Structures are given as structure tokens and as C-alpha cells.
Amino acid sequence: MNKYIKLLWILILSTTVFLPVNIFAYEGKANKYVLDNGLTVVISEMPSSPVVSIYALVKAGSATEGKLLGTGVSHFLEHMLFKGTESYQMGEIASTVQALGGDINASTSFDFTMYKITVPHEAFSTGLKIMNEMLFKATIPHDEFEKEREVIFGEMRLYNDNPDRIQSLMTFQTMYLNHPYRHPIIGYENLFGAVSRDELYDYYKTHYMPNNIIVSIAGNIKGEDILSEVTETFEKVARGKYEERNLPAVAQQITPRHYEDTYATDLARLSIAYPGVSLLDRDLYAMDVLAMILGQGESSRLYQDIYQKQKLVYQISSYNFTPVDRGLFEISCLLEEKNIETVKAEILKQVALIKEKGVDKEELERAKRQTLSGYVFANQTPASVASSRSLDEAFTGDYKFSENYVKAVENVSAEDIILAANRYLVDQAENVIILKPQNKEAAPSLETASSTSNKVVEDIQKVILDNGLTVLLREDHDFPLVSLRLNLRGGLREENDEINGVTELMADAWIKGTKSKTAKEISALTEGLGMSLNSFAGKNSFGLTLDFLSQDIDTALNLLEDVVKNPVFPSDEIAQIKEDMSASLRERDFDISRNSGFQLRQLLFEKHPFRLYEGGSKESILRLSQKTCEQQYQKFLTPNNMVLSVFGDINAQEVLKQIKVKFKTIKKKEMKLARNYEPDINSPREKSIFMDKQQAMVLVGFHAPSMFDQERYGVEVLTTLIGSSFSGRLFTKIREDLGRAYTLGGFYVPGIELGYSYFYVLTTDENVIKSKEIILQEIKKLQNELISDQELKDIKTYLKGNFKSDLQTNASLSFASGLDELYGLGYLAYQDFDQKIDQVTKEDIQRLAKEYLDLNKYAAVITRPIKKTEVVQP
């Protein structure tokens with residue numbers, strides 16, 4: 001079997017997860033072709049599929065980085081290939097694929113990088129062109145290089161917060177003393193930070209060549225019809241000269257090894273690992289079956305004995321990792337620290353039993369059936385077929401290897417299992433890796449961050465539950481109050497025109513009834529205890545807020561559990577909420593600020609969901625239903641997409657225990673977030689609207705950096721410098737020129753892919769054009785002149801003071817830290833705000849004004865009163 005596909009998720013850097021595939025559920029033909037330039041093409045016909053998947057496997061991964069080993073350059077390059085090619089500018093690759101109704105993605109592992117495009121079969125030619133452009137014609141834009149580096153730094157921080165990744169890295173560094181598999185795929189922070197654009201580009205040119213790539217195409221196509229097009233598309237790229245894979249052999253192990261460390265978590269992790277086999281070893285099949293019998297599934301020996309019977313662990317499993325070079329056989333478990341030695345002994349006892357007495361016929365046959373059924377069910381799509389066949393061809397030389405694998409498993413005997421266990425699971429090759437909780441007396445079972453004298457809070461504690469739910473806790477006994485926030489990724493950015501408004505509808509209906517309580521009963525409960533239960537729906541997330549007296553913590557947690565696990569989205573409540581949403585739309589159209597703001601977003605964003613209104617449109621509201629809400633909720637309800645923060649008068653340990661019990665049954669699942677895009681604004685966009693108002697309004701907006709971009713802090717300073725309501729340049733200039741202090745402001749709104757900044761002035765009709773001119777003039781001044789040191793200092797002080805003020809309460813702090821953790825910024829991101837703001841220089845302000853407030857790339861809305869002689873078109 002191609003065991004890359006069975007890698008733990010921690011070993012592949014990707015926004016999608018590889019599916020295990022082997023036996024193919026179709027009857028179409030499959031053929032392999034090698035072009036004159038060395039490119040290998042595998043075409044698999046699946047005539048009943050409406051799509052075609054084009055996968056390209058480049059035999060270049062973190063293990064093949066040579067002099068750049070440990071930098072993560074393979075993963076970095078994977079990111080950069082999406083940033084533009086000779087024919088596609090920044091953002092156009094993804095936008096083109098998505099406009100076709102397709103999907104595009106990529107992933108990096110030890111030995112390969114995979115690029116994946118799936119499009120409707122009639123769009124095959126476009127998909128093929130894009131793949132060719134990415135593989136051979138990427139431009140690696142200088143201006144995107146550092147931005148993407150910051151994104152990956154964010155990934156690194158996210159991974160460092162995950163104890164499972166830490167445990168995996170410990171295991172690989174213990175097992176592989178001199179082999180590149182010991183290094184993290186994403187790289188080491190200092191080495192990654194030193195990679196230059198020239199080094200990355202050179203790596204691209206020396207590894208991305210046709211004779212080092214497998215292109216696998218599967219779907220509703222015929223090989224004989226598309227072969228000439230495939231050949232014509234790729235044949236112009238010349239065969240290249242590259243270094244053959246020549247990695248050091250995995251060192252033999254003749255003595256046991258032990259590696260132990262601590263981590264800020266409440267549970268221990270134990271791994272017992274042995275040097276295993278490579279993908280092409282004849283013992284592959286027996287070792288795979290051994291792993292299944294020993295520790296895969298609830299009927300496995302380790303699960304039944306150590307988990308089910310003795311109840312010594314929370315999780316236990318085994319797997320056989322078989323990459324290109326020698327792999328490993330690992331047994332891993334999650335457990336209490338006090339049980340480590342007992343569990344280790346029990347694991348070794350089960351291993352010894354198999355070595356001595358083998359396995360019985362029933363469990364052997366069960367493992368074989370699981371192998372067959374698992375691969376059939378998982379291999380029904382062009383994407384999975386294309387993926388498997390590219391991997392099979394690249395690393396076995398047989399694109400049908402996975403089909404033959406299942407046949408080989410059928411021939412594994414009980415004697416094969418005994419021989420394999422005695423050959424590989426030996427005492428002298430044993431590796432014991434333990435990740436223990438940190439000092440429990442100092443920080444009992446939790447990750448704790450203590451603040452210095454200039455921090456807003458004393459401490460926040462973090463723990464990740466077994467199912468991926470992140471919990472943030474803060475004890476503050478000043479008031480008998482508790483603020484609870486549950487945040488989930490989703491929101492407006494996950495909507496489109498068809499389901500616009502679904503997040504707001506879903507969030508409102510979420511708290512209107514469960515399987516055991518009606519909306520009326522929920523209200524009676526919360527209001528009777530003085531609780532405040534609310535939901536929210538934002539641009540990038542949605543969730544729940546619950547505030548209550550600390551004496552009602554048990555009731556509050558029970559209510560939270562019920563609302564999260566058992567919502568019913570009552571149809572009568574949904575009907576009422578839809579009526580309210582429709583009414584709100586009508587109100588918006590008569591509110592000068594709301595209407596003008598929405599019109600500005602529609603000018604700023606042509607593709608991105610930020611162009612939509614959170615409350616939906618007249619047409620989309622009619623389409624929304626109870627089923628739509630349930631589907632949207634279930635899509636995002638997975639613990640690895642949830643951050644639960646509980647701040648206030650609590651006992652953190654007791655609250656954590658309750659949360660574990662109440663939420664452990666929610667299973668982790670793969671969740672695919674939207675990858676939105678927005679093309680640059682190439683010229684000013686302006687719009688005038690007329691309303692039956694006495695006021696006039698002007699808004700000027702720009703695209704801005706994402707929340708992950710370090711430039712965001714400079715843009716926030718810049719925006720505040722211009723638009724602060726009491727001390728910004730707009731305030732000063734308009735008061736000076738127009739003689740009165742109009743309502744005005746400026747804001748930066750961060751987003752996942754990008755943000756936006758805008759400036760507005762509410763004024764009179766005779767001054768609205770002048771106000772727009774003043775906005776543009778003040779921007780131009782900042783582009784041409786450096787601001788004074790004092791002005792910069794003052795605006796920084798203003799920003800830092802407001803920030804601290806905003807985080808005074810547990811309610812605001814729990815919300816902010818929870819969202820930061822959810823987005824991958826880290827729950828302590830707020831602590832770095834002052835430092836990030838202080839690092840902004842006056843030269844930065846001038847540079848950012850030119851880059852992000854480009855006067856050739858703005859959108860403007862001018863809203864004016866209707867004159868009595870004008871007729872307004874509906």
C-alpha cells in the first residue's frame with residue numbers, strides 16, 4: 001500500500017487531508033505515458049464522474065532540500081506557486097479555478113509536493129493550463145515573498161501549540177539520527193526566516209522539471225482524446241538536470257533509546273516505536289496487518305485490553321509508516337502521567353503475546369476485510385484516484401500498485417505476522433518517547449502564560465482536549481461573574497450569493513430551542529438566573545456568548561452543552577427570524593451609514609464574500625430554510641474548529657473537568673474552509689447614490705493586509721493617524737477648512753485573506769465633494785512627507801491606551817483571546833500589541849501610505865440628499 005496516505009495528519013502540511021485509496025470503484029481504462037521530456041502522465045478514465053482531477057506530484061519534499069535542509073523551502077515554494085505565473089497575476093489562479101466551479105489545493109510531505117486541481121470535465125483545458133503555469137512558469141513575486149513568510153510563521157506558532165505535533169517531532173528525531181526525516185516539514189523558524197527569494201527561486205528551477213514530475217489525471221475524460229493536448233501543453237518544457245535522490249541510509253539501531261520532555265498540557269503522551277520497513281519492502285503487507293490487529297479500531301488488542309478493559313489510557317493506536325526510505329512502526333497513546341510505566345508494560349506484554357503465539361484466524365480475516373472495504377469506500381472520486389496513482393507511480397514505479405496491494409494483503413498468513421513481529425519489534429531497537437505535563441504544582445495540567453507588569457491580565461491557561469477542542473481559562477475572583485465565549489470559524493467569508501445570510505439566521509435560531517428545551521424554556525432559565533445567552537455572526541466567525549453569576553456555573557455549562565450538541569433550529573422560529581431579517585434589510589436601505597457602508601464594500605470587493613451583506617439579500621433570505629441552517633451548522637461543528645474561553649470567578653481545574661466530560665463525545669472531522677480571493681483594484685471605483693436624507697456622506701476605502709500580515713499594525717497606525725475621530729488629520733483639516741466638527745472616522749478591518757480600511761465623513765451636501773478631496777489630499781501628504789516624531793508618538797499612545805481599555809473586562813478579553821486563538825494568531829497575541837505598534841516608524845507610515853492607500857486603487861461612495869426635482873429609480 002502507498003503508506004504516505006496513512007501518514008498521521010501531523011506529517012503533511014496541507015489544507016486538505018489525503019484519503020486512503022487503493023481498490024478502484026470504476027471500470028474505466030487507465031494508462032501511463034512518458035513524454036519525450038521525461039514527464040510521466042497517468043490517465044484514469046471515470047466516465048460517470050462530472051469532474052476531472054489533475055494532480056501533479058513533484059518528487060521534491062522536505063527530505064530532498066539538500067543544502068537548504070531544515071529551512072522548509074519545499075513548503076514555502078508550495079505557497080508561492082499560488083502567487084502568480086507568466087499568465088496569471090496574484091489571485092487569478094484560484095479565482096479562475098473557482099469561477100469554473102472547481103477547486104485547487106496543494107500539500108507538502110517528506111518526499112514530495114502535490115498540486116491538486118479539480119474542475120468540471122468541460123473545463124479540463126483550463127485546469128491543465130493552470131497546472132502547467134504553476135509547475136513551470138511561476139514568477140515568485142518579490143512583493144508577496146515576505147508576506148507569505150509571515151503567514152508560514154503563523155503556521156509554525158500554531159503547530160508549536162499542538163502537543164501531538166511536538167510528540168511526533170520527538171519521535172522522528174529519536175528514530176532518525178542522520179536522516180532528513182528527522183526535520184519538520186515546515187522547517188525550523190530561524191532557518192526558514194533566513195531563506196532568500198533567490199534561494200527559493202533556484203530551488204524551484206532545479207527541482208521543478210518534467211522528468212521529476214508525475215501528472216495524474218482522473219475523471220470524465222478519454223485518454224486517447226486528451227493525450228495530444230497533454231503532450232502539447234507540457235512538451236515545450238525541456239528535460240532538466242537535477243540531483244538524483246541520494247539520502248543517507250537510516251542508521252541501524254542496536255540499543256534502546258529513551259527521550260522524555262515536558263509540555264504545557266494536562267495529559268501525558270507515550271510512544272513506543274521500532275525501525276520499520278520502506279514502501280517497497282516485502283514485509284510491508286505483514287507489518288500493515290500487524291498494525292491493524294494490534295492497535296487500529298475498537299476491536300484491536302490494545303484498545304480492548306488497555307483502553308476498554310483496564311481503562312489505563314484515553315487513546316491508543318498503532319500504525320506502520322512506510323515512506324520511500326525506511327519507516328517506523330509506532331504504538332502511541334494518551335494517558336495520565338501516573339500510568340506511563342504500567343501502560344508501557346502492558347503494551348510490551350501484548351507485543352510479546354503476538355511474537356510468541358501469533359494471531360487467531362478471526363482477527364486476521366477481520367483485518368483483511370477492513371483493508372478491502374476501507375480502500376473501496378475511500379476511492380470513489382477522481383481526486384482520490386489521481387492522488388493514489390501519482391504516488392504509486394512516483395515511488396513504486398507501478399501506477400496500479402494500490403490495487404495489487406489489496407491482493408497481497410489477502411495472502412498474508414498468521415505465520416507472516418509472527419515472523420514480522422519477531423524481526424522488527426525487538427528490544428534492542430525499542431524507542432520510548434514520553435511527553436509529560438509540566439510541573440503540576442506550578443501550573444496544574446495547563447498551559448499558563450503569566451504577564452509582566454505592563455500586561456492587561458495576570459494569566460490565561462490553555463489546554464487542547466483529545467478531540468481538538470481548545471479551551472482557554474482565566475481565574476479572576478474580583479467579581480462573582482463568569483464570561484464564556486465559544487468561537488467557531490465560519491461567518492460571512494463562508495457564504496455565497498445563494499446562501500447569503502445563512503450565518504446570521506443560523507446563529508439567531510441556534511439558541512431558540514434544543515431537543516429538550518423550547519426557546520421559551522431557555523429564556524425562562526437564563527432570565528430567571530440573570531444569565532445572558534446570545535449568539536453572534538461575524539465576517540470570519542460565529543459563536544455563542546454566555547455571561548452569568550459564578551454560583552450558576554454548573555447550570556451554565558449544562559446549558560452550553562445542550563445548545564451546542566442538541567440544537568433543533570425550530571421552523572417557526574426561523575420563519576420569524578427571516579421576517580426580522582427582511583425588515584432589517586428595509587431599514588438598512590433607509591439608514592445612510594449602513595447603506596453607504598454596504599455600497600462601499602460592494603465596490604471594494606467583486607469576488608470576495610465581504611461584498612455580501614451579513615443579513616442576506618431579499619432573494620437569498622427567501623431561499624434559506626431550516627435545512628440550510630442545519631447543514632451550515634454541521635459543516636462547522638467540529639472541535640478542531642472551536643475555541644471555548646471561560647474567564648472569571650472560576651476554579652479552572654474543575655471547569656476543565658466538566659468541559660472534558662461534556663464535550664468529549666463531539667468527534668473531530670475534516671473541515672474545509674473557503675479559500676477566497678479578490679483581484680486588485682486597478683483604477684478608482686466610484687459610485688453616487690441618493691437618499692431621502694438631509695445629510696450627505698462620503699466613504700473612501702482600500703484593500704488592506706490580512707490579520708496574519710505584520711503590516712497590519714502599521715496600517716492600523718496609519719488609518720488611525722488619518723481617521724481618528726478626535727485627533728486625526730481628517731478631523732483637524734475638516735474642522736479647519738469647513739469650520740465645524742463633522743462626524744468622521746477611519747477604520748482598519750482585518751480578514752483572513754485580506755482586510756480593508758476606509759475613511760468616512762458625514763457632512764452636508766454642499767461639502768461632500770470637498771470632504772472627499774480632503775481625504776485624498778491627506779493621504780497624498782502622507783505619501784510625500786514624513787510625519788513628525790511627536791505626531792507618531794501621540795497616535796501610538798492613543799492606540800495603545802484604547803486597546804488596553806477595551807480589554808478591561810473578562811468578557812472582552814475572553815472574546816479577543818478566543819478569536820485570536822481560533823484564527824491561529826495565538827491566544828496571547830494581544831500581549832504583543834504594544835510592542836508591534838511601537839515598532840512602526842515614520843518611514844513605515846510613508847511606505848504603507850503608498851502601498852495600501854494607492855490613489856489609483858480606491859473605492860468611493862458619495863451619498864447625497866434627493867433634491868425635490870429629482871426622481872429616484874427604485
# chains A, B, ... in the order shown; residues from 1 in each chain; ligands from 1
>>> residues_around(residues="segment 231-241 of chain A", least_positions_apart="4", cutoff="6 Å", atoms="only C-alpha atoms", output="ChimeraX atom specification")
/A:37,209-211
>>> write_last_selection(atoms="C-alpha atoms", output="PDB file, in the first residue's frame")
ATOM      1  CA  ASN A  37      10.996  15.401 -21.924  1.00  0.00           C
ATOM      2  CA  MET A 209      11.370  19.907 -14.175  1.00  0.00           C
ATOM      3  CA  PRO A 210       9.312  17.478 -16.260  1.00  0.00           C
ATOM      4  CA  ASN A 211      11.492  14.433 -15.622  1.00  0.00           C
TER       5      ASN A 211
END
>>> select_by_dssp(residues="segment 343-554 of chain A", states="helix (DSSP H, G or I)", output="ChimeraX atom specification")
/A:343-357,361-377,382-396,401-410,414-424,427-429,492-494,502-510,519-528,550-554
>>> atom_distance(atom1="atom CA of Val277 of chain A", atom2="atom CA of Leu290 of chain A")
12.8 Å
>>> residues_around(residues="segment 109-126 of chain A", least_positions_apart="3", cutoff="6 Å", atoms="only C-alpha atoms", output="list of chain:residue names")
A:Ile12, A:Val51, A:Val52, A:Ser53, A:Ile54, A:Tyr55, A:Ala56, A:Leu57, A:Val58, A:Lys59, A:Ala60, A:Gly61, A:Ser62, A:Ala63, A:Gly102, A:Asp103, A:Ile104, A:Asn105, A:Ala106, A:Lys129, A:Asn220
>>> closest_residue(among="A:Tyr852, A:Phe479, A:Phe590, A:Tyr303", to="Ala704 of chain A", atoms="only C-alpha atoms")
A:Tyr852
>>> residues_around(residues="Pro684 of chain A", least_positions_apart="3", cutoff="12 Å", atoms="only C-alpha atoms", output="MDAnalysis selection string")
chainID A and resid 603:604 680:681 687 700:702 776 853:861
>>> write_last_selection(atoms="C-alpha atoms", output="compact mmCIF listing (two decimals), in the first residue's frame")
# COMPACT_ATOMS: atom_id res chain seq x y z
CA LEU A 603 -17.28 48.43 -4.76
CA LEU A 604 -14.23 47.20 -2.86
CA ASP A 680 -6.58 44.06 -7.10
CA ILE A 681 -8.34 47.31 -7.79
CA LYS A 687 -20.48 55.45 -7.08
CA VAL A 700 -13.24 56.11 0.64
CA GLY A 701 -11.92 52.54 1.02
CA PHE A 702 -8.87 50.47 0.16
CA LEU A 776 -7.42 62.13 -0.76
CA LEU A 853 -3.57 53.82 0.17
CA ASP A 854 -2.73 53.94 -3.51
CA LEU A 855 -4.86 56.69 -5.01
CA ASN A 856 -5.20 54.67 -8.19
CA LYS A 857 -6.71 51.77 -6.25
CA TYR A 858 -9.52 53.08 -4.13
CA ALA A 859 -13.29 52.82 -4.00
CA ALA A 860 -15.50 55.75 -3.08
CA VAL A 861 -19.19 56.13 -2.35
>>> residues_around(residues="Ser582 of chain A", least_positions_apart="4", cutoff="8 Å", atoms="only C-alpha atoms", output="list of chain:residue names")
A:Lys578, A:Arg586, A:Lys618, A:Ile621
>>> residues_around(residues="Thr503 of chain A", least_positions_apart="5", cutoff="8 Å", atoms="only C-alpha atoms", output="ChimeraX atom specification")
/A:490-492,495,537,542,614,629,632
>>> residues_around(residues="Gly397 of chain A", least_positions_apart="5", cutoff="12 Å", atoms="only C-alpha atoms", output="MDAnalysis selection string")
chainID A and resid 2 32 40 42 214 279:280 324 389:392 402
>>> atom_distance(atom1="atom CA of Gly824 of chain A", atom2="atom CA of Asn676 of chain A")
17.4 Å
>>> atom_distance(atom1="atom CA of His207 of chain A", atom2="atom CA of Pro323 of chain A")
19.7 Å
>>> closest_residue(among="A:Leu481, A:Leu560, A:Glu504, A:Ile862", to="Gly530 of chain A", atoms="only C-alpha atoms")
A:Leu481
>>> select_by_dssp(residues="segment 827-863 of chain A", states="strand (DSSP E)", output="PyMOL selection string")
chain A and resi 859-863
>>> closest_residue(among="A:Leu525, A:Ala575, A:Met707, A:Ala420", to="Leu284 of chain A", atoms="only C-alpha atoms")
A:Ala420
>>> closest_atom_pairs(of="segment 223-308 of chain A", to="segment 168-173 of chain A", cutoff="8 Å", atoms="only C-alpha atoms", output="CSV")
residue,atom,partner,partner_atom,distance
A:Tyr259,CA,A:Met170,CA,7.5
A:Ser271,CA,A:Thr171,CA,7.5
A:Ala273,CA,A:Thr171,CA,7.7
